[in-house]
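S.K.: Just entry_14.tsv, nothing more (TSV, C-alpha atoms):
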```tsv
chain	number	residue	atom	x	y	z
A	159	MET	CA	56.47	50.04	181.87
A	160	GLN	CA	57.85	48.44	178.73
A	161	SER	CA	61.51	49.28	178.07
A	162	THR	CA	62.50	50.76	174.73
A	163	GLN	CA	65.49	49.29	172.91
A	164	PRO	CA	67.94	52.10	171.99
A	165	THR	CA	68.41	52.75	168.28
A	166	PRO	CA	71.64	51.08	167.09
A	167	HIS	CA	74.52	53.46	166.52
A	168	ARG	CA	74.94	53.69	162.75
A	169	ILE	CA	78.53	53.37	161.53
A	170	VAL	CA	79.04	53.76	157.78
A	171	VAL	CA	82.42	52.87	156.28
A	172	LEU	CA	83.07	54.24	152.79
A	173	GLY	CA	85.45	52.16	150.71
A	174	ALA	CA	86.53	48.54	151.16
A	175	GLY	CA	90.17	48.67	150.26
A	176	TYR	CA	92.73	47.58	152.84
A	177	THR	CA	91.86	50.33	155.33
A	178	GLY	CA	88.07	50.36	155.01
A	179	ALA	CA	87.73	46.57	155.14
A	180	ILE	CA	90.07	46.31	158.12
A	181	ALA	CA	88.23	49.07	159.99
A	182	ALA	CA	84.80	47.52	159.39
A	183	GLY	CA	85.96	44.09	160.53
A	184	ARG	CA	87.75	45.46	163.57
A	185	LEU	CA	84.68	47.45	164.63
A	186	ALA	CA	82.60	44.29	164.34
A	187	LYS	CA	85.05	42.59	166.74
A	188	ARG	CA	84.98	45.42	169.25
A	189	LEU	CA	81.27	46.30	169.45
A	190	HIS	CA	78.17	44.33	170.44
A	191	ARG	CA	75.97	43.57	167.44
A	192	GLU	CA	72.78	44.72	169.13
A	193	ASP	CA	74.25	48.16	169.76
A	194	VAL	CA	75.60	49.07	166.32
A	195	ALA	CA	74.69	48.84	162.66
A	196	ILE	CA	77.87	48.69	160.56
A	197	THR	CA	77.51	49.28	156.82
A	198	LEU	CA	80.46	48.89	154.44
A	199	VAL	CA	79.97	50.65	151.10
A	200	ASN	CA	82.02	49.65	148.07
A	201	ALA	CA	81.55	49.86	144.31
A	202	GLU	CA	83.03	46.41	143.58
A	203	PRO	CA	81.81	43.08	144.99
A	204	ASP	CA	85.22	41.68	145.90
A	205	PHE	CA	88.44	42.81	147.52
A	206	VAL	CA	91.21	44.17	145.29
A	207	GLU	CA	94.81	43.44	146.30
A	208	ARG	CA	96.08	46.79	145.14
A	209	VAL	CA	99.68	45.98	146.05
A	210	ARG	CA	99.62	43.25	143.38
A	211	MET	CA	98.38	45.28	140.42
A	212	HIS	CA	101.77	45.08	138.72
A	213	GLN	CA	101.47	41.29	138.88
A	214	LEU	CA	97.96	41.39	137.46
A	215	ALA	CA	99.23	43.57	134.61
A	216	VAL	CA	101.76	40.97	133.44
A	217	GLY	CA	99.29	38.10	133.42
A	218	HIS	CA	99.10	36.72	136.96
A	219	ASP	CA	95.60	35.82	138.11
A	220	LEU	CA	94.60	36.88	141.61
A	221	ARG	CA	92.32	34.88	143.86
A	222	PRO	CA	88.76	36.29	144.05
A	223	ARG	CA	87.77	37.42	147.55
A	224	PRO	CA	84.04	38.27	147.59
A	225	PHE	CA	82.98	40.58	150.40
A	226	THR	CA	79.87	38.50	151.00
A	227	GLU	CA	82.16	35.64	152.06
A	228	MET	CA	84.68	37.77	153.90
A	229	PHE	CA	82.07	39.42	156.12
A	230	ALA	CA	79.64	36.51	156.44
A	231	GLY	CA	78.59	36.15	160.07
A	232	THR	CA	80.34	39.32	161.22
A	233	GLY	CA	77.30	41.56	161.42
A	234	VAL	CA	78.74	43.92	158.79
A	235	GLU	CA	76.29	44.78	156.02
A	236	VAL	CA	78.02	45.11	152.65
A	237	ARG	CA	76.36	47.65	150.35
A	238	LEU	CA	77.44	47.51	146.70
A	239	ALA	CA	77.23	51.09	145.55
A	240	ARG	CA	79.28	54.01	144.31
A	241	VAL	CA	79.59	56.99	146.63
A	242	THR	CA	78.58	60.19	144.84
A	243	GLY	CA	78.58	62.68	147.70
A	244	VAL	CA	78.77	63.26	151.44
A	245	ASP	CA	76.72	65.82	153.38
A	246	VAL	CA	78.53	66.11	156.69
A	247	GLU	CA	76.02	68.61	158.07
A	248	ARG	CA	73.09	66.23	157.56
A	249	ARG	CA	75.21	63.13	158.24
A	250	ALA	CA	74.16	61.57	154.95
A	251	VAL	CA	75.98	59.77	152.14
A	252	ALA	CA	74.64	59.80	148.57
A	253	VAL	CA	75.16	56.53	146.69
A	254	GLU	CA	74.31	55.00	143.33
A	255	SER	CA	73.79	51.28	142.83
A	256	ALA	CA	72.11	48.90	140.43
A	257	ASP	CA	68.85	49.79	142.18
A	258	GLY	CA	69.31	53.50	141.52
A	259	ALA	CA	70.30	56.48	143.64
A	260	GLY	CA	69.88	56.42	147.39
A	261	GLU	CA	71.09	57.84	150.67
A	262	LEU	CA	72.63	56.41	153.83
A	263	SER	CA	72.42	58.19	157.18
A	264	TYR	CA	75.15	57.76	159.76
A	265	ASP	CA	76.05	58.59	163.32
A	266	THR	CA	79.74	57.86	162.75
A	267	LEU	CA	81.39	57.95	159.33
A	268	VAL	CA	84.66	56.24	158.42
A	269	TYR	CA	85.91	57.75	155.17
A	270	ALA	CA	88.25	55.34	153.36
A	271	LEU	CA	87.68	56.04	149.68
A	272	GLY	CA	91.41	55.88	148.96
A	273	SER	CA	93.06	57.27	145.88
A	274	SER	CA	93.55	56.83	142.16
A	275	TRP	CA	96.43	57.57	139.81
A	276	ASN	CA	97.66	61.13	139.45
A	277	ASP	CA	98.68	62.40	136.02
A	278	HIS	CA	99.74	65.77	137.57
A	279	GLY	CA	98.21	67.53	134.58
A	280	VAL	CA	101.02	66.41	132.25
A	281	PRO	CA	99.79	66.87	128.67
A	282	GLY	CA	98.88	63.58	127.01
A	283	ALA	CA	99.25	61.42	130.14
A	284	ALA	CA	95.52	60.84	130.59
A	285	GLU	CA	95.07	60.05	126.91
A	286	HIS	CA	98.11	57.89	126.19
A	287	ALA	CA	99.49	56.44	129.45
A	288	TYR	CA	98.38	53.33	131.32
A	289	GLU	CA	97.87	53.26	135.08
A	290	ILE	CA	98.09	50.39	137.56
A	291	ALA	CA	96.54	52.06	140.60
A	292	SER	CA	93.26	50.23	139.92
A	293	ARG	CA	92.18	46.79	138.74
A	294	PRO	CA	90.57	48.12	135.52
A	295	GLY	CA	93.77	50.00	134.77
A	296	ALA	CA	95.95	46.95	135.39
A	297	LEU	CA	93.70	44.81	133.18
A	298	ARG	CA	93.89	47.36	130.35
A	299	LEU	CA	97.67	47.34	130.59
A	300	ARG	CA	97.64	43.54	130.70
A	301	GLU	CA	95.78	43.42	127.38
A	302	ARG	CA	98.11	45.98	125.81
A	303	LEU	CA	101.28	44.22	126.96
A	304	ALA	CA	100.00	40.90	125.61
A	305	ALA	CA	99.66	42.50	122.18
A	306	LEU	CA	103.24	43.80	122.06
A	307	GLY	CA	105.80	42.12	119.86
A	308	ALA	CA	109.42	41.36	120.69
A	309	GLY	CA	111.65	44.42	120.97
A	310	GLU	CA	108.89	46.94	121.50
A	311	ARG	CA	109.53	49.59	124.14
A	312	VAL	CA	107.73	49.97	127.45
A	313	VAL	CA	108.58	53.02	129.56
A	314	VAL	CA	107.53	53.23	133.20
A	315	VAL	CA	107.30	56.83	134.41
A	316	GLY	CA	107.96	57.33	138.11
A	317	GLY	CA	110.87	56.17	140.25
A	318	GLY	CA	108.95	55.44	143.46
A	319	LEU	CA	108.03	52.05	144.89
A	320	THR	CA	105.23	51.43	142.37
A	321	GLY	CA	107.44	52.36	139.43
A	322	LEU	CA	110.27	50.09	140.55
A	323	GLU	CA	107.90	47.17	141.06
A	324	ALA	CA	106.17	47.71	137.72
A	325	ALA	CA	109.38	48.00	135.69
A	326	THR	CA	111.00	44.91	137.18
A	327	GLU	CA	107.82	42.83	137.01
A	328	ILE	CA	107.31	43.65	133.32
A	329	ALA	CA	110.97	43.07	132.46
A	330	GLU	CA	111.03	39.70	134.21
A	331	ALA	CA	107.72	38.50	132.75
A	332	ARG	CA	108.52	39.76	129.24
A	333	PRO	CA	112.29	39.58	128.66
A	334	ASP	CA	111.60	40.06	124.96
A	335	LEU	CA	110.49	43.66	125.54
A	336	ASP	CA	112.70	46.74	125.84
A	337	VAL	CA	111.81	48.09	129.31
A	338	SER	CA	112.88	51.48	130.64
A	339	LEU	CA	112.13	53.63	133.67
A	340	ALA	CA	112.10	57.41	133.71
A	341	ALA	CA	112.70	58.96	137.15
A	342	ARG	CA	112.55	62.61	138.17
A	343	GLY	CA	115.56	62.07	140.43
A	344	GLY	CA	118.28	59.48	140.69
A	345	LEU	CA	117.40	55.78	140.62
A	346	GLY	CA	116.40	54.82	144.15
A	347	ASP	CA	118.00	57.99	145.50
A	348	TRP	CA	116.10	57.72	148.80
A	349	LEU	CA	117.53	54.25	149.52
A	350	SER	CA	120.65	53.36	151.48
A	351	PRO	CA	123.87	52.78	149.52
A	352	LYS	CA	123.33	49.02	149.85
A	353	GLY	CA	119.77	49.37	148.62
A	354	ARG	CA	120.81	51.46	145.62
A	355	ARG	CA	123.56	49.03	144.66
A	356	HIS	CA	121.16	46.11	144.74
A	357	LEU	CA	118.54	47.99	142.76
A	358	ARG	CA	121.04	48.80	140.00
A	359	LYS	CA	122.22	45.19	140.00
A	360	VAL	CA	118.66	43.96	139.45
A	361	PHE	CA	118.00	46.57	136.76
A	362	ASP	CA	121.19	45.55	134.94
A	363	GLY	CA	120.31	41.87	135.21
A	364	LEU	CA	116.86	42.43	133.75
A	365	GLY	CA	118.15	44.77	131.03
A	366	ILE	CA	116.14	47.77	132.26
A	367	THR	CA	117.35	51.18	131.10
A	368	ALA	CA	117.11	53.90	133.74
A	369	TYR	CA	116.58	57.49	132.60
A	370	GLU	CA	117.58	59.47	135.66
A	371	HIS	CA	116.76	63.13	136.35
A	372	ALA	CA	114.31	62.89	133.49
A	373	ALA	CA	111.10	64.66	134.45
A	374	VAL	CA	108.43	63.84	131.85
A	375	THR	CA	106.61	66.93	130.57
A	376	ALA	CA	104.45	65.43	127.81
A	377	VAL	CA	103.20	62.05	126.65
A	378	ALA	CA	102.40	61.12	123.04
A	379	ALA	CA	101.19	57.84	121.61
A	380	ASP	CA	104.72	56.77	120.69
A	381	ARG	CA	107.08	58.84	122.83
A	382	LEU	CA	107.72	60.95	125.92
A	383	THR	CA	109.17	64.44	126.16
A	384	THR	CA	111.41	65.33	129.09
A	385	ALA	CA	112.07	68.66	130.78
A	386	ASP	CA	115.44	69.04	129.08
A	387	GLY	CA	113.81	68.74	125.66
A	388	GLY	CA	114.78	65.11	125.19
A	389	SER	CA	112.58	62.42	123.70
A	390	ILE	CA	112.11	58.81	124.82
A	391	PRO	CA	110.42	56.42	122.36
A	392	ALA	CA	107.66	54.31	123.90
A	393	ALA	CA	105.14	51.89	122.45
A	394	VAL	CA	103.54	51.77	125.91
A	395	THR	CA	103.82	54.29	128.73
A	396	VAL	CA	103.03	53.18	132.29
A	397	TRP	CA	102.33	56.09	134.64
A	398	THR	CA	103.25	55.63	138.33
A	399	THR	CA	104.03	59.15	139.58
A	400	GLY	CA	101.86	59.15	142.68
A	401	PHE	CA	98.24	59.14	143.78
A	402	ALA	CA	95.35	61.59	143.89
A	403	VAL	CA	92.50	61.31	146.40
A	404	HIS	CA	88.85	61.24	145.40
A	405	PRO	CA	87.47	64.81	145.13
A	406	ILE	CA	84.36	64.06	147.22
A	407	ALA	CA	85.93	65.17	150.51
A	408	ALA	CA	87.05	68.51	149.08
A	409	ALA	CA	83.46	69.20	148.01
A	410	THR	CA	82.26	69.03	151.63
A	411	THR	CA	82.77	71.38	154.58
A	412	LEU	CA	85.35	69.02	156.06
A	413	ASP	CA	88.74	70.54	156.78
A	414	VAL	CA	90.96	69.23	153.96
A	415	ALA	CA	94.54	69.88	152.91
A	416	PRO	CA	94.43	72.52	150.15
A	417	ASP	CA	97.08	70.86	148.00
A	418	THR	CA	95.95	67.23	148.19
A	419	GLY	CA	92.28	67.29	149.23
A	420	GLN	CA	93.00	64.84	152.04
A	421	ILE	CA	90.86	65.06	155.18
A	422	VAL	CA	92.88	66.55	158.05
A	423	VAL	CA	92.73	64.27	161.08
A	424	ASP	CA	94.14	64.15	164.60
A	425	GLY	CA	96.14	61.32	166.12
A	426	THR	CA	93.02	59.17	166.52
A	427	MET	CA	92.12	59.60	162.81
A	428	ARG	CA	89.21	61.86	163.75
A	429	SER	CA	88.42	64.83	161.51
A	430	VAL	CA	89.65	68.05	163.11
A	431	SER	CA	86.50	69.82	161.96
A	432	HIS	CA	83.76	67.17	162.32
A	433	PRO	CA	84.05	64.86	165.36
A	434	ASP	CA	81.64	62.26	163.91
A	435	VAL	CA	83.88	61.69	160.87
A	436	TYR	CA	87.05	59.59	160.80
A	437	ALA	CA	89.34	59.32	157.78
A	438	ILE	CA	91.93	56.63	157.10
A	439	GLY	CA	94.30	55.53	154.38
A	440	ASP	CA	95.23	57.65	151.40
A	441	ALA	CA	92.20	59.91	151.94
A	442	ALA	CA	93.51	61.18	155.29
A	443	LEU	CA	96.26	63.64	156.17
A	444	ALA	CA	97.70	62.25	159.39
A	445	MET	CA	100.97	63.17	161.02
A	446	GLY	CA	103.54	60.53	161.91
A	447	ARG	CA	106.84	60.63	163.71
A	448	GLY	CA	108.86	63.79	163.29
A	449	ASP	CA	105.62	65.67	162.57
A	450	LYS	CA	105.77	64.41	158.98
A	451	PRO	CA	102.63	63.50	157.00
A	452	LEU	CA	102.17	59.76	156.56
A	453	ARG	CA	102.78	58.73	152.97
A	454	MET	CA	100.04	57.14	150.88
A	455	SER	CA	100.71	53.44	151.30
A	456	CYS	CA	99.41	50.20	152.77
A	457	ALA	CA	102.10	50.55	155.44
A	458	SER	CA	100.41	53.76	156.61
A	459	GLY	CA	96.80	52.75	156.01
A	460	THR	CA	96.71	49.57	158.08
A	461	PRO	CA	97.72	51.13	161.43
A	462	MET	CA	95.47	54.10	160.65
A	463	ALA	CA	92.54	51.69	160.29
A	464	TRP	CA	93.40	50.00	163.59
A	465	GLN	CA	93.66	53.37	165.31
A	466	ALA	CA	90.33	54.66	163.97
A	467	ALA	CA	88.39	51.47	164.75
A	468	ASP	CA	89.78	51.15	168.25
A	469	THR	CA	89.15	54.84	168.95
A	470	ILE	CA	85.53	54.67	167.78
A	471	ALA	CA	84.96	51.56	169.89
A	472	ALA	CA	86.58	53.16	172.95
A	473	ARG	CA	84.54	56.34	172.67
A	474	LEU	CA	81.29	54.40	172.31
A	475	THR	CA	81.99	51.95	175.11
A	476	GLY	CA	83.72	54.24	177.58
A	477	GLY	CA	87.05	52.48	177.15
A	478	LYS	CA	90.56	53.88	177.14
A	479	LEU	CA	91.57	55.67	173.96
A	480	PRO	CA	94.36	53.93	172.04
A	481	ASN	CA	97.70	55.63	171.78
A	482	ALA	CA	99.53	53.47	169.27
A	483	PRO	CA	102.48	55.21	167.62
A	484	LEU	CA	102.17	55.73	163.88
A	485	ARG	CA	105.64	54.89	162.65
A	486	TYR	CA	107.52	53.03	159.93
A	487	PHE	CA	109.88	50.08	160.12
A	488	ASN	CA	110.77	49.25	156.52
A	489	GLN	CA	109.90	49.70	152.87
A	490	CYS	CA	109.14	46.42	151.11
A	491	ILE	CA	109.83	46.36	147.37
A	492	SER	CA	109.29	43.39	145.08
A	493	LEU	CA	111.66	43.37	142.10
A	494	GLY	CA	109.99	40.64	140.10
A	495	ARG	CA	109.16	37.21	141.52
A	496	LYS	CA	112.75	36.25	142.36
A	497	GLU	CA	114.25	39.44	143.73
A	498	GLY	CA	113.30	41.93	146.40
A	499	LEU	CA	114.54	44.77	148.55
A	500	ILE	CA	113.60	45.43	152.16
A	501	GLN	CA	114.92	48.86	153.08
A	502	TYR	CA	114.91	49.41	156.82
A	503	VAL	CA	113.96	52.95	157.84
A	504	THR	CA	113.68	55.23	160.83
A	505	ALA	CA	110.32	55.84	162.51
A	506	ASP	CA	109.78	58.83	160.21
A	507	ASP	CA	110.61	56.80	157.06
A	508	ARG	CA	114.24	57.74	156.37
A	509	ALA	CA	116.50	54.99	155.09
A	510	VAL	CA	119.15	53.53	157.39
A	511	SER	CA	122.16	51.53	156.27
A	512	ALA	CA	120.58	48.11	156.82
A	513	ALA	CA	118.74	46.43	153.95
A	514	LEU	CA	117.66	42.90	153.08
A	515	THR	CA	118.10	41.86	149.44
A	516	GLY	CA	117.70	38.97	147.03
A	517	ARG	CA	115.40	35.95	147.26
A	518	LEU	CA	115.03	36.29	151.02
A	519	ALA	CA	113.73	39.82	150.54
A	520	ALA	CA	111.33	38.61	147.84
A	521	THR	CA	109.99	35.98	150.25
A	522	TYR	CA	109.67	38.58	153.00
A	523	LYS	CA	107.67	40.88	150.72
A	524	GLU	CA	105.41	38.01	149.66
A	525	LEU	CA	104.69	37.16	153.30
A	526	VAL	CA	103.85	40.81	153.98
A	527	CYS	CA	101.39	40.85	151.06
A	528	LYS	CA	99.79	37.59	152.15
A	529	GLY	CA	99.58	38.79	155.74
A	530	ALA	CA	97.89	42.00	154.70
A	531	VAL	CA	95.19	40.27	152.66
A	532	TRP	CA	94.71	37.60	155.36
A	533	GLY	CA	93.99	40.36	157.85
A	534	VAL	CA	91.37	41.80	155.50
A	535	ALA	CA	89.83	38.45	154.56
A	536	ASN	CA	89.58	37.32	158.19
A	537	PRO	CA	88.34	40.43	159.98
A	538	THR	CA	87.16	38.66	163.12
A	539	MET	CA	90.00	36.16	163.42
A	540	GLY	CA	93.53	36.39	164.70
A	541	PHE	CA	92.95	38.12	168.03
A	542	PRO	CA	90.33	37.28	170.67
A	543	THR	CA	86.98	38.89	169.99
A	544	ARG	CA	85.85	41.15	172.84
A	545	ARG	CA	82.60	42.81	171.85
A	546	ARG	CA	81.68	45.53	174.34
A	547	ARG	CA	78.34	47.20	174.91
A	548	VAL	CA	77.80	50.75	173.79
A	549	VAL	CA	77.41	52.89	176.87
A	550	HIS	CA	78.14	56.34	175.49
A	551	ARG	CA	76.25	57.77	172.56
A	552	PRO	CA	77.50	61.17	171.38
A	553	VAL	CA	74.91	63.87	171.88
A	554	GLU	CA	75.09	64.89	168.24
A	555	ALA	CA	74.55	61.33	167.02
A	556	THR	CA	71.67	60.72	169.45
A	557	ALA	CA	69.91	63.84	168.27
A	558	ALA	CA	70.24	62.80	164.64
A	559	ALA	CA	69.12	59.23	165.17
```
If you convert what's in this file into structure tokens, what do you get?
M.R.:
Amino acid sequence: MQSTQPTPHRIVVLGAGYTGAIAAGRLAKRLHREDVAITLVNAEPDFVERVRMHQLAVGHDLRPRPFTEMFAGTGVEVRLARVTGVDVERRAVAVESADGAGELSYDTLVYALGSSWNDHGVPGAAEHAYEIASRPGALRLRERLAALGAGERVVVVGGGLTGLEAATEIAEARPDLDVSLAARGGLGDWLSPKGRRHLRKVFDGLGITAYEHAAVTAVAADRLTTADGGSIPAAVTVWTTGFAVHPIAAATTLDVAPDTGQIVVDGTMRSVSHPDVYAIGDAALAMGRGDKPLRMSCASGTPMAWQAADTIAARLTGGKLPNAPLRYFNQCISLGRKEGLIQYVTADDRAVSAALTGRLAATYKELVCKGAVWGVANPTMGFPTRRRRVVHRPVEATAAA
């Protein structure tokens, strides 16, 4: 009797940012090519170094990293398309590409669509502010900054990591501009005393004005309004007050967090409501040390991608489930090209007294950024490749195949 080759287990990864690209490459390393069909879906043809968007905005050019080159020879099929919907009951993803609308069926889904900027519904922010959470946004800001004359005012709204990096990068690249930062709380108030002192030193050296405890309640073309009724003039407003996840997940029957729309996952990054769906990166609500939600960041997303990929591989091959701790070690902040701040933190992301500052910190941050993109651009390099055969096919997936 002639043997029948089992249908390959279909793994679809949505989104090729840091987490999605890492997960797809790691799955390709772990699983035998004859046993799986891995499809990576992304709207853009090349990888975007999101952690460098503030550099792109001030005129730095980033090296192109086409996915066709990154995943050549890995067995991962790259599908250039925009995700328009997910039907988790039918295990199908709706996409739109240059060829028109289509649908992808899956046995296992890795949801890594990430996030975009969040205007928090502040009047005028969407119309008048610039964002740097995306490459198109950073390029729009780049064009606007290039058109500004000496002495014109740029106000960065948001005192988190992105806001600090944006304000210092702009001030260093354009010392002729009047750069300010408006923060809801105190400047760097979550940092250690050493970290705060260094941050203020850098701000003073670059001539950046810090508006502290200044929650912005409205944005106009030429000014901001704060909660206390104050007004801050601004020729350009840069909005960095956090991220919002794509609404696709909330439109499904997946269990999502009501306030953020993130997919609720367990410690293996598996959806708590749909066992054939994994979510990673900004799109997932995962708990870290101290039973605290992981913050939206590359520092969270990378280990989440490792955890999801290794878990999927283990469940399909009958291996041991990974139990890697999801914890933090430091917060890496670039303060222009010459200065930096590495704030060491507890496992649950609270600042400790130790901090690295100055040029050494800037070099450290640059190595972290380069290491992150190297890991994405070389998905099957670095560690020995051990592709295992699929021996366990979930009943649900087998029935749908």
S.K.: What's around segment 463-468 of chain A at 7 Å? Count only C-alpha atoms, leave out sequence neighbours fewer than 3 positions away in its own chain, and write the answer as a list in words.
M.R.: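 My list of contacting residues is Thr177, Ile180, Ala181, Arg184, Leu185, Thr426, Met427, Tyr436, Ile438, Gly459, Thr460, Ala471, Ala472 and Pro480 of chain A.
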S.K.: Identify, on the basis of only C-alpha atoms, every residue whose closest approach to Ala182 of chain A does not exceed 9 Å; exclude the query and any residue fewer than 5 positions from it along the same chain; express the result as a list in words.
M.R.: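 In the requested form, the answer reads Ile169, Val170, Val171, Ala174, Thr177, Lys187, Ile196, Thr197, Leu198, Val234, Val268, Ala463, Ala467 and Pro537 of chain A.
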S.K.: Could you list, as a list in words, every residue within 6 Å of segment 273-284 of chain A, counting only C-alpha atoms and ignoring same-chain residues fewer than 6 positions away?
M.R.: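 Answer for this query is Ala291, Thr375, Ala376, Val377, Ala378, Gly400, Phe401, Ala402, Val403, His404 and Asp440 of chain A.
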S.K.: Could you tell me how far atom CA of Val236 of chain A lies from atom CA of Ser255 of chain A, in Å and to one decimal?
M.R.: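 Taking atom CA of Val236 of chain A as the start and atom CA of Ser255 of chain A as the end point, the length is 12.3 Å.
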S.K.: Out of A:Gly346, A:Ser429, A:Gly217, A:Arg485, which residue has the shortest atom-to-atom distance to Asp449 of chain A when counting all atoms listed in the file?
M.R.: A:Arg485
S.K.: Could you pull the residues within 9 Å of segment 410-424 of chain A, counting all atoms listed in the file, minus those fewer than 2 positions along the same chain, as an MDAnalysis selection string?
M.R.: chainID A and resid 243:247 269 402:408 426:432 435:438 440:445
S.K.: Considering only C-alpha atoms, state which residue in the set A:Ala379, A:Ala256, A:Leu345, A:Ala505 is at the smallest distance from Leu319 of chain A.
M.R.: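 The closest residue to Leu319 of chain A is A:Leu345.
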S.K.: For Thr504 of chain A, which residue out of A:Leu349, A:Val534, A:Val251, A:Ala520 is the nearest one, using all atoms listed in the file?
M.R.: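 Of A:Leu349, A:Val534, A:Val251, A:Ala520, the one nearest Thr504 of chain A is A:Leu349, counting all atoms listed in the file.
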S.K.: Restricting the calculation to all atoms listed in the file, which member of A:Ala392, A:Val194, A:Val510, A:Leu297 is positioned closest to Thr266 of chain A?
M.R.: A:Val194
S.K.: Between atom CA of Ala530 of chain A and atom CA of Phe205 of chain A, what is the distance in Å, rounded to a tenth?
M.R.: 11.9 Å
S.K.: With a distance cut-off of 8 Å and only C-alpha atoms, select the neighbouring residues of Gly318 of chain A, excluding the residue or stretch itself and same-chain residues fewer than 4 positions from it, and output the selection as an NGL selection string.
M.R.: :A and (322 or 346 or 398-399)
S.K.: Just how far from atom CA of Leu306 of chain A is atom CA of Asp336 of chain A, in Å to one decimal?
M.R.: 10.6 Å
